[in-house]
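As stored in structure.cif (mmCIF, C-alpha atoms and all ligand atoms; chains and numbers go by the auth columns):
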data_coords
#
loop_
_atom_site.group_PDB
_atom_site.id
_atom_site.type_symbol
_atom_site.label_atom_id
_atom_site.label_comp_id
_atom_site.label_asym_id
_atom_site.label_seq_id
_atom_site.Cartn_x
_atom_site.Cartn_y
_atom_site.Cartn_z
_atom_site.B_iso_or_equiv
_atom_site.auth_seq_id
_atom_site.auth_asym_id
ATOM 1 C CA MET A 1 -12.855 -7.339 3.080 0.00 1 D
ATOM 2 C CA HIS A 2 -14.565 -4.045 2.444 0.00 2 D
ATOM 3 C CA LYS A 3 -16.716 -3.149 -0.543 0.00 3 D
ATOM 4 C CA GLY A 4 -16.864 0.335 -1.936 0.00 4 D
ATOM 5 C CA SER A 5 -18.191 2.332 -4.830 0.00 5 D
ATOM 6 C CA CYS A 6 -18.479 5.803 -6.228 0.00 6 D
ATOM 7 C CA HIS A 7 -21.819 7.555 -5.753 0.00 7 D
ATOM 8 C CA CYS A 8 -23.418 6.538 -9.057 0.00 8 D
ATOM 9 C CA GLY A 9 -22.123 2.963 -8.800 0.00 9 D
ATOM 10 C CA ALA A 10 -20.223 2.985 -12.098 0.00 10 D
ATOM 11 C CA VAL A 11 -17.030 2.245 -10.164 0.00 11 D
ATOM 12 C CA ARG A 12 -16.990 -0.652 -7.697 0.00 12 D
ATOM 13 C CA PHE A 13 -14.074 -2.026 -5.768 0.00 13 D
ATOM 14 C CA THR A 14 -13.029 -4.179 -2.844 0.00 14 D
ATOM 15 C CA VAL A 15 -10.260 -3.709 -0.296 0.00 15 D
ATOM 16 C CA ASP A 16 -8.707 -6.529 1.704 0.00 16 D
ATOM 17 C CA GLY A 17 -7.818 -5.843 5.298 0.00 17 D
ATOM 18 C CA GLY A 18 -9.016 -4.132 8.441 0.00 18 D
ATOM 19 C CA ILE A 19 -9.208 -0.380 8.821 0.00 19 D
ATOM 20 C CA ASP A 20 -6.636 0.529 11.471 0.00 20 D
ATOM 21 C CA GLN A 21 -7.068 4.278 11.270 0.00 21 D
ATOM 22 C CA GLY A 22 -8.432 7.087 9.154 0.00 22 D
ATOM 23 C CA ILE A 23 -6.041 9.801 8.050 0.00 23 D
ATOM 24 C CA GLU A 24 -7.431 13.325 7.994 0.00 24 D
ATOM 25 C CA CYS A 25 -4.982 15.491 6.117 0.00 25 D
ATOM 26 C CA ASN A 26 -5.273 19.253 6.020 0.00 26 D
ATOM 27 C CA CYS A 27 -3.590 19.836 2.665 0.00 27 D
ATOM 28 C CA SER A 28 -5.359 21.903 0.033 0.00 28 D
ATOM 29 C CA HIS A 29 -6.603 18.830 -1.807 0.00 29 D
ATOM 30 C CA CYS A 30 -7.686 16.562 1.056 0.00 30 D
ATOM 31 C CA SER A 31 -9.472 19.324 2.938 0.00 31 D
ATOM 32 C CA ARG A 32 -11.472 20.360 -0.113 0.00 32 D
ATOM 33 C CA LYS A 33 -12.585 16.817 -0.795 0.00 33 D
ATOM 34 C CA GLY A 34 -13.111 15.927 2.869 0.00 34 D
ATOM 35 C CA PHE A 35 -11.128 12.711 2.703 0.00 35 D
ATOM 36 C CA LEU A 36 -10.857 10.134 5.425 0.00 36 D
ATOM 37 C CA LEU A 37 -8.066 7.951 4.085 0.00 37 D
ATOM 38 C CA TRP A 38 -6.953 4.399 4.723 0.00 38 D
ATOM 39 C CA PHE A 39 -3.570 3.472 3.273 0.00 39 D
ATOM 40 C CA VAL A 40 -3.164 -0.085 1.994 0.00 40 D
ATOM 41 C CA PRO A 41 -0.669 -1.895 -0.234 0.00 41 D
ATOM 42 C CA ARG A 42 -1.821 -1.563 -3.845 0.00 42 D
ATOM 43 C CA PRO A 43 -2.528 -5.313 -4.239 0.00 43 D
ATOM 44 C CA ALA A 44 -5.174 -5.041 -1.478 0.00 44 D
ATOM 45 C CA LEU A 45 -7.338 -2.939 -3.801 0.00 45 D
ATOM 46 C CA THR A 46 -9.313 -4.660 -6.549 0.00 46 D
ATOM 47 C CA ILE A 47 -11.264 -2.527 -8.992 0.00 47 D
ATOM 48 C CA SER A 48 -14.117 -4.839 -9.917 0.00 48 D
ATOM 49 C CA GLU A 49 -16.168 -2.538 -12.147 0.00 49 D
ATOM 50 C CA GLY A 50 -15.796 0.688 -14.033 0.00 50 D
ATOM 51 C CA GLU A 51 -12.043 1.153 -14.230 0.00 51 D
ATOM 52 C CA ASP A 52 -12.652 2.740 -17.648 0.00 52 D
ATOM 53 C CA ARG A 53 -14.975 5.310 -16.026 0.00 53 D
ATOM 54 C CA LEU A 54 -12.207 6.619 -13.803 0.00 54 D
ATOM 55 C CA THR A 55 -10.296 9.692 -14.730 0.00 55 D
ATOM 56 C CA THR A 56 -7.148 10.985 -13.055 0.00 56 D
ATOM 57 C CA TYR A 57 -6.174 14.193 -11.355 0.00 57 D
ATOM 58 C CA THR A 58 -2.606 14.971 -10.342 0.00 58 D
ATOM 59 C CA PHE A 59 -1.032 18.080 -8.861 0.00 59 D
ATOM 60 C CA ASN A 60 2.098 19.288 -7.134 0.00 60 D
ATOM 61 C CA LYS A 61 4.745 16.611 -7.775 0.00 61 D
ATOM 62 C CA HIS A 62 2.232 14.425 -9.615 0.00 62 D
ATOM 63 C CA VAL A 63 3.262 11.365 -7.637 0.00 63 D
ATOM 64 C CA ILE A 64 -0.270 10.464 -6.565 0.00 64 D
ATOM 65 C CA GLN A 65 -2.913 9.582 -9.112 0.00 65 D
ATOM 66 C CA HIS A 66 -6.198 10.817 -7.734 0.00 66 D
ATOM 67 C CA ARG A 67 -8.730 8.613 -9.479 0.00 67 D
ATOM 68 C CA PHE A 68 -12.290 9.825 -9.666 0.00 68 D
ATOM 69 C CA CYS A 69 -15.482 8.820 -11.429 0.00 69 D
ATOM 70 C CA GLN A 70 -16.145 10.940 -14.478 0.00 70 D
ATOM 71 C CA VAL A 71 -19.884 10.393 -14.092 0.00 71 D
ATOM 72 C CA CYS A 72 -20.524 11.429 -10.475 0.00 72 D
ATOM 73 C CA GLY A 73 -17.237 13.045 -9.457 0.00 73 D
ATOM 74 C CA CYS A 74 -16.591 10.831 -6.429 0.00 74 D
ATOM 75 C CA GLN A 75 -12.985 10.013 -5.664 0.00 75 D
ATOM 76 C CA PRO A 76 -12.945 6.563 -4.081 0.00 76 D
ATOM 77 C CA PHE A 77 -9.153 6.187 -4.006 0.00 77 D
ATOM 78 C CA GLY A 78 -5.779 7.512 -5.026 0.00 78 D
ATOM 79 C CA LEU A 79 -2.766 5.529 -6.169 0.00 79 D
ATOM 80 C CA GLY A 80 0.821 6.288 -5.325 0.00 80 D
ATOM 81 C CA LYS A 81 4.128 4.969 -4.056 0.00 81 D
ATOM 82 C CA MET A 82 5.890 5.004 -0.734 0.00 82 D
ATOM 83 C CA PRO A 83 9.355 6.620 -0.688 0.00 83 D
ATOM 84 C CA ASP A 84 10.848 3.122 -1.008 0.00 84 D
ATOM 85 C CA GLY A 85 8.835 2.503 -4.178 0.00 85 D
ATOM 86 C CA THR A 86 6.137 0.267 -2.701 0.00 86 D
ATOM 87 C CA ALA A 87 2.859 0.782 -4.564 0.00 87 D
ATOM 88 C CA MET A 88 0.116 2.008 -2.261 0.00 88 D
ATOM 89 C CA ALA A 89 -3.542 2.909 -2.482 0.00 89 D
ATOM 90 C CA ALA A 90 -5.187 5.600 -0.378 0.00 90 D
ATOM 91 C CA ILE A 91 -8.766 4.469 0.087 0.00 91 D
ATOM 92 C CA ASN A 92 -11.445 7.054 0.774 0.00 92 D
ATOM 93 C CA ILE A 93 -13.153 5.408 3.751 0.00 93 D
ATOM 94 C CA ARG A 94 -16.260 7.494 3.063 0.00 94 D
ATOM 95 C CA CYS A 95 -16.780 5.526 -0.174 0.00 95 D
ATOM 96 C CA LEU A 96 -16.854 2.167 1.645 0.00 96 D
ATOM 97 C CA GLU A 97 -20.034 0.357 2.580 0.00 97 D
ATOM 98 C CA ASP A 98 -20.752 -0.863 6.088 0.00 98 D
ATOM 99 C CA VAL A 99 -18.217 1.304 7.896 0.00 99 D
ATOM 100 C CA GLU A 100 -19.274 3.109 11.076 0.00 100 D
ATOM 101 C CA LEU A 101 -17.425 6.355 10.506 0.00 101 D
ATOM 102 C CA ASP A 102 -17.708 7.291 14.191 0.00 102 D
ATOM 103 C CA GLU A 103 -15.775 4.163 15.125 0.00 103 D
ATOM 104 C CA VAL A 104 -12.784 4.872 12.890 0.00 104 D
ATOM 105 C CA LYS A 105 -9.822 6.228 14.846 0.00 105 D
ATOM 106 C CA ARG A 106 -8.961 9.612 13.359 0.00 106 D
ATOM 107 C CA VAL A 107 -5.356 10.623 12.887 0.00 107 D
ATOM 108 C CA ALA A 108 -4.648 14.181 11.850 0.00 108 D
ATOM 109 C CA VAL A 109 -1.795 14.677 9.419 0.00 109 D
ATOM 110 C CA ASN A 110 -0.340 18.080 8.685 0.00 110 D
ATOM 111 C CA GLY A 111 0.025 17.882 4.928 0.00 111 D
ATOM 112 C CA ARG A 112 -0.287 21.582 4.331 0.00 112 D
ATOM 113 C CA GLU A 113 3.418 21.953 3.653 0.00 113 D
ATOM 114 C CA PHE A 114 3.480 19.283 0.978 0.00 114 D
HETATM 115 ZN ZN ZN B . -19.699 7.501 -10.248 0.00 1 W
#
Kindly present the structure from the file in C-alpha cells form.
Ligand SMILES: [Zn+2]
Amino acid sequence: MHKGSCHCGAVRFTVDGGIDQGIECNCSHCSRKGFLLWFVPRPALTISEGEDRLTTYTFNKHVIQHRFCQVCGCQPFGLGKMPDGTAMAAINIRCLEDVELDEVKRVAVNGREF
C-alpha cells in the first residue's frame, strides 16, 4: 500500500497495489503538470482526508476528472473510466511517499493526439 498527499497535506490518500510502471504522457495537460501516472482500479484508491478540499478540472471530452487541491494546487490523481466503463484512477506517482522515482519503469505514451 502506498500513501500519498498533496503538498500542503490537506488531501491524503492511500493506494493499494504495486507500481508496475509510470506513464509519461506528452499531451498538453500531462506535459504541463509533469505527471508520472500509475493507473489503478478506482477501488484501490482511498481518499482518507480532505476530499472536500479537492476541486476538479476537466477539458477536451471531459471524461477524466482531474482532481487537485484548492489550497496548494497539487494534483494527486485523476478519475476516469476505461472504454468498457471500468472506473479507474490515475495516480500521480510524484505525490506518493516512499517511492524511488528512479526505480519506476517509465513508459512513454503519445497522448498528443487526444
Ligand atoms: Zn494541498
If the limit is 9 Å from any atom of ligand ZN 1 (chain W), counting all atoms listed in the file, which residues qualify? Return them as a list of chain:residue names.
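Taking all atoms listed in the file into account, the residues around ligand ZN 1 (chain W) at most 9 Å away are D:Ser5, D:Cys6, D:His7, D:Cys8, D:Gly9, D:Ala10, D:Val11, D:Arg12, D:Gly50, D:Arg53, D:Leu54, D:Phe68, D:Cys69, D:Gln70, D:Val71, D:Cys72, D:Gly73, D:Cys74, D:Gln75.
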Evaluate the PyMOL selection byres (((chain D and resi 22-26) around 7) and not hetatm) against this structure - the residues, as a PyMOL selection string, please.
chain D and resi 21+27-28+30-31+35-38+104-112
I need the residues from that last selection saved to file as a PDB file, keeping the file's coordinate frame (with C-alpha atoms), if you can.
ATOM      1  CA  GLN D  21      -7.068   4.278  11.270  1.00  0.00           C
ATOM      2  CA  CYS D  27      -3.590  19.836   2.665  1.00  0.00           C
ATOM      3  CA  SER D  28      -5.359  21.903   0.033  1.00  0.00           C
ATOM      4  CA  CYS D  30      -7.686  16.562   1.056  1.00  0.00           C
ATOM      5  CA  SER D  31      -9.472  19.324   2.938  1.00  0.00           C
ATOM      6  CA  PHE D  35     -11.128  12.711   2.703  1.00  0.00           C
ATOM      7  CA  LEU D  36     -10.857  10.134   5.425  1.00  0.00           C
ATOM      8  CA  LEU D  37      -8.066   7.951   4.085  1.00  0.00           C
ATOM      9  CA  TRP D  38      -6.953   4.399   4.723  1.00  0.00           C
ATOM     10  CA  VAL D 104     -12.784   4.872  12.890  1.00  0.00           C
ATOM     11  CA  LYS D 105      -9.822   6.228  14.846  1.00  0.00           C
ATOM     12  CA  ARG D 106      -8.961   9.612  13.359  1.00  0.00           C
ATOM     13  CA  VAL D 107      -5.356  10.623  12.887  1.00  0.00           C
ATOM     14  CA  ALA D 108      -4.648  14.181  11.850  1.00  0.00           C
ATOM     15  CA  VAL D 109      -1.795  14.677   9.419  1.00  0.00           C
ATOM     16  CA  ASN D 110      -0.340  18.080   8.685  1.00  0.00           C
ATOM     17  CA  GLY D 111       0.025  17.882   4.928  1.00  0.00           C
ATOM     18  CA  ARG D 112      -0.287  21.582   4.331  1.00  0.00           C
TER      19      ARG D 112
END
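Atom CA of Val40 of chain D is found 5.8 Å from atom CA of Met88 of chain D.
Applied to the file shown here, the PyMOL selection byres (((chain D and resi 14) around 9) and not hetatm) selects Met1, His2, Lys3, Gly4, Ser5, Arg12, Phe13, Val15, Asp16, Ala44, Leu45, Thr46, Ile47, Ser48 and Leu96 of chain D.
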Which residues would end up in the selection if the PyMOL selection byres (((chain D and resi 67) around 7) and not hetatm) were applied here, given that I need the answer as a VMD selection string?
chain D and resid 54 to 57 65 to 66 68 75 77 to 78
Would you save the residues from that selection as a PDB file, keeping the file's coordinate frame, using C-alpha atoms?
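The file below, result20.pdb, is the result:
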ATOM      1  CA  LEU D  54     -12.207   6.619 -13.803  1.00  0.00           C
ATOM      2  CA  THR D  55     -10.296   9.692 -14.730  1.00  0.00           C
ATOM      3  CA  THR D  56      -7.148  10.985 -13.055  1.00  0.00           C
ATOM      4  CA  TYR D  57      -6.174  14.193 -11.355  1.00  0.00           C
ATOM      5  CA  GLN D  65      -2.913   9.582  -9.112  1.00  0.00           C
ATOM      6  CA  HIS D  66      -6.198  10.817  -7.734  1.00  0.00           C
ATOM      7  CA  PHE D  68     -12.290   9.825  -9.666  1.00  0.00           C
ATOM      8  CA  GLN D  75     -12.985  10.013  -5.664  1.00  0.00           C
ATOM      9  CA  PHE D  77      -9.153   6.187  -4.006  1.00  0.00           C
ATOM     10  CA  GLY D  78      -5.779   7.512  -5.026  1.00  0.00           C
TER      11      GLY D  78
END
Keeping just N, CA and C atoms, export segment 96-109 of chain D of this structure as a tab-separated table (two decimals), in the first residue's frame.
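As a result, part-v1.tsv now contains:
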chain	number	residue	atom	x	y	z
D	96	LEU	N	3.27	10.43	-4.17
D	96	LEU	CA	3.34	9.32	-3.23
D	96	LEU	C	4.59	9.43	-2.38
D	97	GLU	N	4.46	8.94	-1.14
D	97	GLU	CA	5.63	8.90	-0.25
D	97	GLU	C	6.41	7.62	-0.53
D	98	ASP	N	7.67	7.64	-0.19
D	98	ASP	CA	8.49	6.43	-0.19
D	98	ASP	C	8.54	5.73	-1.54
D	99	VAL	N	8.56	6.47	-2.62
D	99	VAL	CA	8.75	5.88	-3.93
D	99	VAL	C	10.07	6.41	-4.50
D	100	GLU	N	10.96	5.48	-4.88
D	100	GLU	CA	12.20	5.89	-5.55
D	100	GLU	C	11.86	6.14	-7.01
D	101	LEU	N	11.75	7.40	-7.38
D	101	LEU	CA	11.30	7.71	-8.74
D	101	LEU	C	12.22	7.11	-9.79
D	102	ASP	N	13.52	7.03	-9.48
D	102	ASP	CA	14.47	6.49	-10.46
D	102	ASP	C	14.23	5.01	-10.74
D	103	GLU	N	13.55	4.33	-9.80
D	103	GLU	CA	13.35	2.90	-9.96
D	103	GLU	C	12.03	2.56	-10.66
D	104	VAL	N	11.23	3.57	-10.95
D	104	VAL	CA	9.96	3.32	-11.63
D	104	VAL	C	10.22	3.21	-13.13
D	105	LYS	N	9.75	2.11	-13.71
D	105	LYS	CA	9.91	1.93	-15.16
D	105	LYS	C	9.05	2.96	-15.90
D	106	ARG	N	9.68	3.73	-16.75
D	106	ARG	CA	8.95	4.78	-17.47
D	106	ARG	C	8.43	4.25	-18.80
D	107	VAL	N	7.18	4.55	-19.07
D	107	VAL	CA	6.58	4.18	-20.35
D	107	VAL	C	6.04	5.45	-20.98
D	108	ALA	N	6.55	5.78	-22.14
D	108	ALA	CA	6.10	6.98	-22.83
D	108	ALA	C	4.82	6.68	-23.60
D	109	VAL	N	3.86	7.56	-23.45
D	109	VAL	CA	2.60	7.42	-24.19
D	109	VAL	C	2.40	8.68	-25.03
